[in-house]
>>> print(open('entry-v4.pdb').read())   # PDB, C-alpha atoms, pLDDT in the B column
ATOM      1  CA  MET A  57      -6.242   5.788 -18.033  1.00 84.00           C
ATOM      2  CA  ILE A  58      -9.372   5.642 -15.838  1.00 88.00           C
ATOM      3  CA  THR A  59     -10.939   8.862 -14.544  1.00 87.00           C
ATOM      4  CA  LEU A  60     -13.292   8.824 -11.549  1.00 85.00           C
ATOM      5  CA  LYS A  61     -15.534  11.589 -10.285  1.00 81.00           C
ATOM      6  CA  GLN A  62     -16.608  11.505  -6.647  1.00 79.00           C
ATOM      7  CA  LEU A  63     -19.021  13.716  -4.726  1.00 74.00           C
ATOM      8  CA  ASN A  64     -17.951  14.717  -1.224  1.00 61.00           C
ATOM      9  CA  ASN A  65     -20.228  15.358   1.751  1.00 57.00           C
ATOM     10  CA  ASP A  66     -20.825  18.937   0.559  1.00 58.00           C
ATOM     11  CA  GLY A  67     -21.950  17.792  -2.876  1.00 59.00           C
ATOM     12  CA  GLN A  68     -18.772  19.051  -4.527  1.00 69.00           C
ATOM     13  CA  ALA A  69     -17.024  16.929  -7.134  1.00 72.00           C
ATOM     14  CA  THR A  70     -13.408  15.778  -7.062  1.00 77.00           C
ATOM     15  CA  VAL A  71     -11.618  13.934  -9.855  1.00 80.00           C
ATOM     16  CA  GLN A  72      -8.993  11.184  -9.654  1.00 80.00           C
ATOM     17  CA  GLN A  73      -7.073   9.582 -12.525  1.00 84.00           C
ATOM     18  CA  PHE A  74      -5.596   6.063 -12.403  1.00 85.00           C
ATOM     19  CA  ALA A  75      -3.150   4.386 -14.747  1.00 85.00           C
ATOM     20  CA  ASP A  76      -5.174   1.163 -14.952  1.00 88.00           C
ATOM     21  CA  TYR A  77      -8.033  -0.862 -13.461  1.00 89.00           C
ATOM     22  CA  LYS A  78      -5.830  -2.389 -10.744  1.00 88.00           C
ATOM     23  CA  ALA A  79      -4.839   1.022  -9.399  1.00 86.00           C
ATOM     24  CA  MET A  80      -8.458   2.191  -9.477  1.00 86.00           C
ATOM     25  CA  SER A  81      -9.582  -1.017  -7.791  1.00 88.00           C
ATOM     26  CA  ALA A  82      -7.134  -0.627  -4.897  1.00 86.00           C
ATOM     27  CA  PHE A  83      -8.367   2.934  -4.332  1.00 84.00           C
ATOM     28  CA  VAL A  84     -12.131   2.309  -4.265  1.00 82.00           C
ATOM     29  CA  LYS A  85     -11.803  -0.844  -2.139  1.00 85.00           C
ATOM     30  CA  GLN A  86     -10.671   1.405   0.715  1.00 79.00           C
ATOM     31  CA  TYR A  87     -14.225   2.740   0.719  1.00 77.00           C
ATOM     32  CA  GLY A  88     -15.798  -0.729   0.734  1.00 81.00           C
ATOM     33  CA  VAL A  89     -17.059  -0.250  -2.828  1.00 84.00           C
ATOM     34  CA  SER A  90     -17.075  -2.834  -5.613  1.00 88.00           C
ATOM     35  CA  PRO A  91     -14.499  -1.870  -8.306  1.00 88.00           C
ATOM     36  CA  THR A  92     -16.647  -3.600 -10.945  1.00 91.00           C
ATOM     37  CA  ALA A  93     -19.693  -1.554  -9.957  1.00 89.00           C
ATOM     38  CA  VAL A  94     -17.664   1.662 -10.080  1.00 87.00           C
ATOM     39  CA  TYR A  95     -16.261   0.788 -13.513  1.00 89.00           C
ATOM     40  CA  ASN A  96     -19.734   0.028 -14.835  1.00 89.00           C
ATOM     41  CA  THR A  97     -21.003   3.506 -13.911  1.00 86.00           C
ATOM     42  CA  GLY A  98     -19.165   4.733 -17.001  1.00 86.00           C
ATOM     43  CA  ARG A  99     -21.180   2.599 -19.427  1.00 87.00           C
ATOM     44  CA  LYS A 100     -24.142   3.826 -21.447  1.00 85.00           C
ATOM     45  CA  THR A 101     -27.393   3.738 -19.506  1.00 84.00           C
ATOM     46  CA  THR A 102     -28.803   1.387 -22.152  1.00 88.00           C
ATOM     47  CA  ASP A 103     -26.031  -1.134 -21.435  1.00 87.00           C
ATOM     48  CA  PRO A 104     -27.389  -3.929 -19.160  1.00 89.00           C
ATOM     49  CA  ARG A 105     -24.122  -3.744 -17.199  1.00 90.00           C
ATOM     50  CA  TYR A 106     -24.651  -0.073 -16.335  1.00 87.00           C
ATOM     51  CA  VAL A 107     -24.627   0.792 -12.610  1.00 86.00           C
ATOM     52  CA  ALA A 108     -25.754   4.157 -11.275  1.00 85.00           C
ATOM     53  CA  PRO A 109     -23.401   5.899  -8.782  1.00 83.00           C
ATOM     54  CA  ILE A 110     -24.090   4.482  -5.319  1.00 77.00           C
ATOM     55  CA  ALA A 111     -24.399   6.501  -2.109  1.00 74.00           C
ATOM     56  CA  PRO A 112     -22.630   7.641  -0.022  1.00 73.00           C
ATOM     57  CA  HIS A 113     -19.492   7.991  -2.183  1.00 73.00           C
ATOM     58  CA  TYR A 114     -21.055   8.422  -5.643  1.00 80.00           C
ATOM     59  CA  PHE A 115     -18.037   7.288  -7.645  1.00 84.00           C
ATOM     60  CA  GLU A 116     -18.626   7.677 -11.369  1.00 86.00           C
ATOM     61  CA  ARG A 117     -16.290   6.659 -14.187  1.00 89.00           C
ATOM     62  CA  LEU A 118     -15.960   9.420 -16.766  1.00 85.00           C
ATOM     63  CA  THR A 119     -15.530   8.730 -20.463  1.00 80.00           C
ATOM     64  CA  LYS A 120     -12.508  10.298 -22.155  1.00 77.00           C
ATOM     65  CA  LYS A 121     -14.756  12.942 -23.700  1.00 75.00           C
ATOM     66  CA  ARG A 122     -16.366  13.868 -20.375  1.00 74.00           C
ATOM     67  CA  ALA A 123     -13.039  13.748 -18.529  1.00 71.00           C
ATOM     68  CA  ALA A 124     -11.546  16.196 -21.034  1.00 71.00           C
ATOM     69  CA  THR A 125     -14.331  18.740 -20.510  1.00 67.00           C
ATOM     70  CA  PHE A 126     -15.001  18.240 -16.810  1.00 60.00           C
ATOM     71  CA  ALA A 127     -13.730  21.136 -14.690  1.00 53.00           C
ATOM     72  CA  PRO A 128     -13.220  20.039 -11.062  1.00 48.00           C
ATOM     73  CA  LYS A 129     -13.797  22.574  -8.314  1.00 48.00           C
ATOM     74  CA  PRO A 130     -10.810  23.982  -6.376  1.00 48.00           C
ATOM     75  CA  THR A 131     -11.215  21.474  -3.541  1.00 44.00           C
ATOM     76  CA  ALA A 132     -10.168  18.676  -5.920  1.00 42.00           C
ATOM     77  CA  GLU A 133      -6.552  19.845  -5.966  1.00 46.00           C
ATOM     78  CA  VAL A 134      -5.874  18.294  -2.531  1.00 46.00           C
ATOM     79  CA  VAL A 135      -6.883  14.783  -3.619  1.00 47.00           C
ATOM     80  CA  ASN A 136      -3.427  13.697  -4.728  1.00 51.00           C
ATOM     81  CA  GLU A 137      -1.521  14.917  -1.683  1.00 51.00           C
ATOM     82  CA  PRO A 138       0.649  12.067  -0.327  1.00 60.00           C
ATOM     83  CA  THR A 139      -0.572  10.460   2.862  1.00 77.00           C
ATOM     84  CA  GLU A 140       1.510   8.718   5.485  1.00 89.00           C
ATOM     85  CA  VAL A 141       0.722   5.018   5.778  1.00 93.00           C
ATOM     86  CA  THR A 142       1.508   3.669   9.236  1.00 94.00           C
ATOM     87  CA  TYR A 143       0.563   0.583  11.212  1.00 94.00           C
ATOM     88  CA  ALA A 144      -2.084   2.704  12.954  1.00 92.00           C
ATOM     89  CA  THR A 145      -3.769   3.544   9.627  1.00 92.00           C
ATOM     90  CA  ILE A 146      -3.514  -0.065   8.419  1.00 93.00           C
ATOM     91  CA  LEU A 147      -5.321  -1.269  11.551  1.00 90.00           C
ATOM     92  CA  GLU A 148      -8.377   0.584  10.223  1.00 84.00           C
ATOM     93  CA  SER A 149      -8.337  -1.448   6.990  1.00 83.00           C
ATOM     94  CA  ARG A 150     -10.953  -4.182   6.651  1.00 83.00           C
ATOM     95  CA  ASP A 151      -8.617  -6.018   4.267  1.00 87.00           C
ATOM     96  CA  PHE A 152      -5.939  -6.206   6.985  1.00 90.00           C
ATOM     97  CA  MET A 153      -8.427  -7.816   9.375  1.00 87.00           C
ATOM     98  CA  ASN A 154      -9.103 -10.539   6.784  1.00 89.00           C
ATOM     99  CA  ASP A 155      -5.454 -11.410   6.102  1.00 91.00           C
ATOM    100  CA  GLN A 156      -3.236 -13.311   8.524  1.00 90.00           C
ATOM    101  CA  ALA A 157       0.547 -13.865   8.324  1.00 92.00           C
ATOM    102  CA  CYS A 158       0.715 -10.574   6.419  1.00 95.00           C
ATOM    103  CA  CYS A 159       3.909  -8.999   7.789  1.00 96.00           C
ATOM    104  CA  SER A 160       5.307  -8.699   4.246  1.00 97.00           C
ATOM    105  CA  VAL A 161       2.190  -6.766   3.172  1.00 96.00           C
ATOM    106  CA  VAL A 162       2.249  -4.458   6.214  1.00 97.00           C
ATOM    107  CA  SER A 163       5.962  -3.812   5.720  1.00 97.00           C
ATOM    108  CA  MET A 164       5.592  -3.001   2.020  1.00 97.00           C
ATOM    109  CA  ALA A 165       2.544  -0.774   2.532  1.00 96.00           C
ATOM    110  CA  THR A 166       4.243   1.270   5.257  1.00 97.00           C
ATOM    111  CA  ALA A 167       7.608   1.405   3.475  1.00 97.00           C
ATOM    112  CA  LEU A 168       6.101   2.704   0.220  1.00 96.00           C
ATOM    113  CA  ASN A 169       3.152   4.655   1.679  1.00 94.00           C
ATOM    114  CA  ILE A 170       0.640   2.693  -0.384  1.00 94.00           C
ATOM    115  CA  PRO A 171      -2.718   1.186   0.652  1.00 93.00           C
ATOM    116  CA  PHE A 172      -2.672  -2.282   2.226  1.00 94.00           C
ATOM    117  CA  VAL A 173      -4.693  -3.709  -0.679  1.00 93.00           C
ATOM    118  CA  GLU A 174      -2.197  -2.328  -3.202  1.00 94.00           C
ATOM    119  CA  ALA A 175       0.694  -4.008  -1.387  1.00 95.00           C
ATOM    120  CA  GLN A 176      -1.399  -7.203  -1.296  1.00 95.00           C
ATOM    121  CA  ALA A 177      -1.810  -7.011  -5.070  1.00 94.00           C
ATOM    122  CA  PHE A 178       1.921  -6.520  -5.741  1.00 96.00           C
ATOM    123  CA  LEU A 179       2.802  -9.529  -3.571  1.00 96.00           C
ATOM    124  CA  ALA A 180      -0.043 -11.671  -4.935  1.00 95.00           C
ATOM    125  CA  LYS A 181       1.318 -11.101  -8.442  1.00 94.00           C
ATOM    126  CA  ARG A 182       4.568 -12.696  -7.245  1.00 95.00           C
ATOM    127  CA  GLY A 183       2.880 -15.717  -5.687  1.00 95.00           C
ATOM    128  CA  ARG A 184       1.867 -14.763  -2.145  1.00 95.00           C
ATOM    129  CA  LYS A 185      -1.470 -16.190  -1.036  1.00 94.00           C
ATOM    130  CA  THR A 186      -3.837 -14.528   1.427  1.00 92.00           C
ATOM    131  CA  ASN A 187      -3.138 -15.696   5.003  1.00 93.00           C
ATOM    132  CA  LYS A 188       0.303 -16.952   3.935  1.00 93.00           C
ATOM    133  CA  GLY A 189       3.797 -15.532   4.264  1.00 93.00           C
ATOM    134  CA  ALA A 190       6.099 -14.463   1.437  1.00 96.00           C
ATOM    135  CA  ASN A 191       9.727 -15.366   0.776  1.00 96.00           C
ATOM    136  CA  MET A 192      12.410 -12.815  -0.025  1.00 94.00           C
ATOM    137  CA  THR A 193      12.309 -13.529  -3.755  1.00 95.00           C
ATOM    138  CA  MET A 194       8.595 -12.693  -3.843  1.00 96.00           C
ATOM    139  CA  ILE A 195       9.174  -9.568  -1.754  1.00 97.00           C
ATOM    140  CA  ARG A 196      12.080  -8.256  -3.859  1.00 96.00           C
ATOM    141  CA  MET A 197      10.142  -8.792  -7.093  1.00 96.00           C
ATOM    142  CA  ALA A 198       7.031  -7.105  -5.644  1.00 96.00           C
ATOM    143  CA  TYR A 199       9.093  -4.023  -4.766  1.00 97.00           C
ATOM    144  CA  LYS A 200      10.567  -4.036  -8.275  1.00 95.00           C
ATOM    145  CA  ASP A 201       7.048  -4.177  -9.748  1.00 95.00           C
ATOM    146  CA  ALA A 202       6.290  -1.088  -7.648  1.00 95.00           C
ATOM    147  CA  GLY A 203       9.317   0.677  -9.156  1.00 94.00           C
ATOM    148  CA  LYS A 204      11.512   0.273  -6.071  1.00 95.00           C
ATOM    149  CA  LEU A 205      14.722  -1.548  -5.140  1.00 94.00           C
ATOM    150  CA  MET A 206      15.632  -3.057  -1.773  1.00 94.00           C
ATOM    151  CA  ARG A 207      19.185  -1.755  -1.351  1.00 93.00           C
ATOM    152  CA  ALA A 208      21.026  -3.659   1.369  1.00 91.00           C
ATOM    153  CA  GLU A 209      22.618  -1.637   4.164  1.00 89.00           C
ATOM    154  CA  HIS A 210      23.570  -4.688   6.210  1.00 81.00           C
ATOM    155  CA  GLN A 211      23.136  -8.420   5.771  1.00 80.00           C
ATOM    156  CA  ASP A 212      25.037  -9.404   8.893  1.00 76.00           C
ATOM    157  CA  TYR A 213      23.710 -12.950   9.171  1.00 75.00           C
ATOM    158  CA  MET A 214      25.895 -13.885   6.203  1.00 75.00           C
ATOM    159  CA  VAL A 215      29.098 -13.123   8.126  1.00 75.00           C
ATOM    160  CA  LYS A 216      28.203 -13.118  11.822  1.00 84.00           C
ATOM    161  CA  PRO A 217      26.817 -15.745  14.206  1.00 86.00           C
ATOM    162  CA  SER A 218      23.315 -15.074  15.543  1.00 86.00           C
ATOM    163  CA  SER A 219      24.581 -14.052  18.982  1.00 87.00           C
ATOM    164  CA  GLN A 220      26.536 -11.142  17.441  1.00 91.00           C
ATOM    165  CA  LEU A 221      23.655  -9.676  15.412  1.00 93.00           C
ATOM    166  CA  LYS A 222      22.139  -6.411  16.579  1.00 94.00           C
ATOM    167  CA  THR A 223      18.703  -6.459  18.194  1.00 96.00           C
ATOM    168  CA  ILE A 224      15.646  -4.618  16.887  1.00 96.00           C
ATOM    169  CA  ALA A 225      16.039  -2.185  19.796  1.00 97.00           C
ATOM    170  CA  GLN A 226      19.657  -1.430  18.827  1.00 96.00           C
ATOM    171  CA  THR A 227      18.737  -1.114  15.151  1.00 96.00           C
ATOM    172  CA  CYS A 228      15.866   1.282  15.899  1.00 96.00           C
ATOM    173  CA  ARG A 229      18.290   3.520  17.770  1.00 96.00           C
ATOM    174  CA  GLU A 230      20.902   3.354  14.993  1.00 94.00           C
ATOM    175  CA  TYR A 231      18.387   3.959  12.187  1.00 94.00           C
ATOM    176  CA  SER A 232      16.395   6.621  14.010  1.00 93.00           C
ATOM    177  CA  LYS A 233      15.814   8.753  10.904  1.00 94.00           C
ATOM    178  CA  GLY A 234      14.053   7.762   7.710  1.00 93.00           C
ATOM    179  CA  THR A 235      12.405   4.539   6.534  1.00 95.00           C
ATOM    180  CA  TRP A 236      14.122   1.132   6.711  1.00 96.00           C
ATOM    181  CA  VAL A 237      13.087  -2.486   6.198  1.00 97.00           C
ATOM    182  CA  LEU A 238      14.370  -5.075   8.688  1.00 96.00           C
ATOM    183  CA  LEU A 239      14.554  -8.851   8.447  1.00 95.00           C
ATOM    184  CA  VAL A 240      14.464 -11.020  11.567  1.00 95.00           C
ATOM    185  CA  SER A 241      13.930 -14.752  11.790  1.00 92.00           C
ATOM    186  CA  GLY A 242      10.584 -15.520  10.165  1.00 92.00           C
ATOM    187  CA  HIS A 243       9.496 -11.874  10.062  1.00 96.00           C
ATOM    188  CA  ILE A 244       9.967  -8.662   8.074  1.00 97.00           C
ATOM    189  CA  LEU A 245       9.040  -5.170   9.231  1.00 97.00           C
ATOM    190  CA  THR A 246       9.447  -1.489   8.420  1.00 97.00           C
ATOM    191  CA  ILE A 247      10.699   1.125  10.855  1.00 97.00           C
ATOM    192  CA  LYS A 248      10.050   4.839  10.380  1.00 96.00           C
ATOM    193  CA  ASN A 249      12.173   7.256  12.358  1.00 94.00           C
ATOM    194  CA  GLY A 250      13.095   4.468  14.735  1.00 95.00           C
ATOM    195  CA  GLN A 251       9.526   3.185  15.298  1.00 96.00           C
ATOM    196  CA  PRO A 252       8.403  -0.289  14.116  1.00 97.00           C
ATOM    197  CA  GLN A 253       5.368  -0.123  11.852  1.00 96.00           C
ATOM    198  CA  ASP A 254       3.684  -3.320  13.019  1.00 95.00           C
ATOM    199  CA  TRP A 255       3.043  -5.186  16.255  1.00 94.00           C
ATOM    200  CA  THR A 256       6.782  -5.368  17.026  1.00 95.00           C
ATOM    201  CA  LYS A 257       8.049  -3.298  19.982  1.00 94.00           C
ATOM    202  CA  ALA A 258      10.924  -0.821  19.627  1.00 95.00           C
ATOM    203  CA  THR A 259      12.467  -2.531  22.683  1.00 95.00           C
ATOM    204  CA  SER A 260      12.441  -6.005  21.093  1.00 96.00           C
ATOM    205  CA  ARG A 261      15.592  -8.073  21.478  1.00 95.00           C
ATOM    206  CA  HIS A 262      15.010 -10.182  18.384  1.00 95.00           C
ATOM    207  CA  ARG A 263      18.154 -10.308  16.246  1.00 95.00           C
ATOM    208  CA  VAL A 264      18.186  -8.368  12.965  1.00 95.00           C
ATOM    209  CA  LYS A 265      19.538 -10.331  10.002  1.00 93.00           C
ATOM    210  CA  ALA A 266      19.368  -7.595   7.364  1.00 93.00           C
ATOM    211  CA  VAL A 267      18.551  -3.916   6.906  1.00 95.00           C
ATOM    212  CA  TRP A 268      17.421  -2.424   3.608  1.00 95.00           C
ATOM    213  CA  HIS A 269      16.894   1.096   2.297  1.00 94.00           C
ATOM    214  CA  ILE A 270      14.201   1.431  -0.375  1.00 92.00           C
ATOM    215  CA  ALA A 271      15.347   3.275  -3.499  1.00 90.00           C
ATOM    216  CA  ASP A 272      13.878   4.058  -6.918  1.00 88.00           C
ATOM    217  CA  CYS A 273      14.699   1.627  -9.718  1.00 75.00           C
TER
END
>>> encode(input="entry-v4.pdb", output="structure tokens")
Amino acid sequence: MITLKQLNNDGQATVQQFADYKAMSAFVKQYGVSPTAVYNTGRKTTDPRYVAPIAPHYFERLTKKRAATFAPKPTAEVVNEPTEVTYATILESRDFMNDQACCSVVSMATALNIPFVEAQAFLAKRGRKTNKGANMTMIRMAYKDAGKLMRAEHQDYMVKPSSQLKTIAQTCREYSKGTWVLLVSGHILTIKNGQPQDWTKATSRHRVKAVWHIADC
């Protein structure tokens, strides 16, 4: 368990806990901060690896002893509220701008409401390289690593010719509620309440090969 303290713009402290270094790393990278530097703030000041908390975010790793006694102020209780990850929020990510052919990452991030860099890490563990696509085996295993299953609603391409498959536009209308993952030729995307969560248009006539619902393992 890694505990971080962060000062907000008002000088008040909030506390976040992470299961491991990878989870902490994905979080602080959103702020353009080095995970190694943040981790080293928790070392003794006599340690040559020690790094003082850096402005403007002032992340500081707390030791177990300090974490046990630290009393966060009331504003800290909102830190863990779930946030909606959409294509619009991903567009603001510097990591997204530096990764091409990343439809599998965008789809996973928006489907699971996790940061783009966290989805990158899950897929990288299963063999995806930056600026490269991912195959369905990699994608399924990445979701499993995240504690999720891709439960097939339809895999029509196995039984129907391409001309009889539904289009993205038709699928968006049919699956107008909830979150779904769609496979088209050479592309994978998430739709939320009937709206594609990438550069794809809701009026697209590309044929949908498969539709998945994401469930807990």
>>> residues_near_point(input="entry-v4.pdb", point="(3.1, -16.6, 1.2)", cutoff="9 Å", atoms="only C-alpha atoms", output="number ranges by chain")
A: 157-158, 160, 179-180, 183-191, 194
>>> closest_residue(input="entry-v4.pdb", among="A:Met197, A:Leu147, A:Val267, A:Val89", to="Tyr231 (chain A)", atoms="all atoms listed in the file")
A:Val267
>>> axis_aligned_box(input="entry-v4.pdb", around="region 225-237 of chain A", padding_each_side="5 Å", output="AutoDock Vina command-line options")
--center_x 16.7 --center_y 3.1 --center_z 13.0 --size_x 18.5 --size_y 21.2 --size_z 23.6
>>> resolve_selection(input="entry-v4.pdb", expression="the PyMOL selection byres ((chain A and resi 106) around 12)", output="ChimeraX atom specification")
/A:92-105,107-110,116-117
>>> closest_residue(input="entry-v4.pdb", among="A:His269, A:Lys61, A:Arg207, A:Lys248", to="Arg229 (chain A)", atoms="all atoms listed in the file")
A:Lys248
>>> atom_distance(input="entry-v4.pdb", atom1="CA of Lys121 (chain A)", atom2="CA of Leu63 (chain A)")
19.5 Å
>>> resolve_selection(input="entry-v4.pdb", expression="the PyMOL selection byres ((chain A and resi 204) around 9)", output="number ranges by chain")
A: 168, 196, 198-203, 205-206, 270-273
>>> atom_distance(input="entry-v4.pdb", atom1="CA of His243 (chain A)", atom2="CA of Gln211 (chain A)")
14.7 Å
>>> resolve_selection(input="entry-v4.pdb", expression="the PyMOL selection byres ((chain A and resi 239) around 7)", output="JSON list (two decimals) with C-alpha atoms, in the coordinates of the input")
[["chain", "number", "residue", "atom", "x", "y", "z"],
["A", 237, "VAL", "CA", 13.09, -2.49, 6.20],
["A", 238, "LEU", "CA", 14.37, -5.08, 8.69],
["A", 240, "VAL", "CA", 14.46, -11.02, 11.57],
["A", 241, "SER", "CA", 13.93, -14.75, 11.79],
["A", 243, "HIS", "CA", 9.50, -11.87, 10.06],
["A", 244, "ILE", "CA", 9.97, -8.66, 8.07],
["A", 245, "LEU", "CA", 9.04, -5.17, 9.23],
["A", 264, "VAL", "CA", 18.19, -8.37, 12.96],
["A", 265, "LYS", "CA", 19.54, -10.33, 10.00],
["A", 266, "ALA", "CA", 19.37, -7.60, 7.36],
["A", 267, "VAL", "CA", 18.55, -3.92, 6.91]]
>>> atom_distance(input="entry-v4.pdb", atom1="CA of Asp254 (chain A)", atom2="CA of Tyr143 (chain A)")
5.3 Å
>>> residues_around(input="entry-v4.pdb", residues="Phe152 (chain A)", least_positions_apart="6", cutoff="10 Å", atoms="all atoms listed in the file", output="ChimeraX atom specification")
/A:146,158,161-162,172-173,176
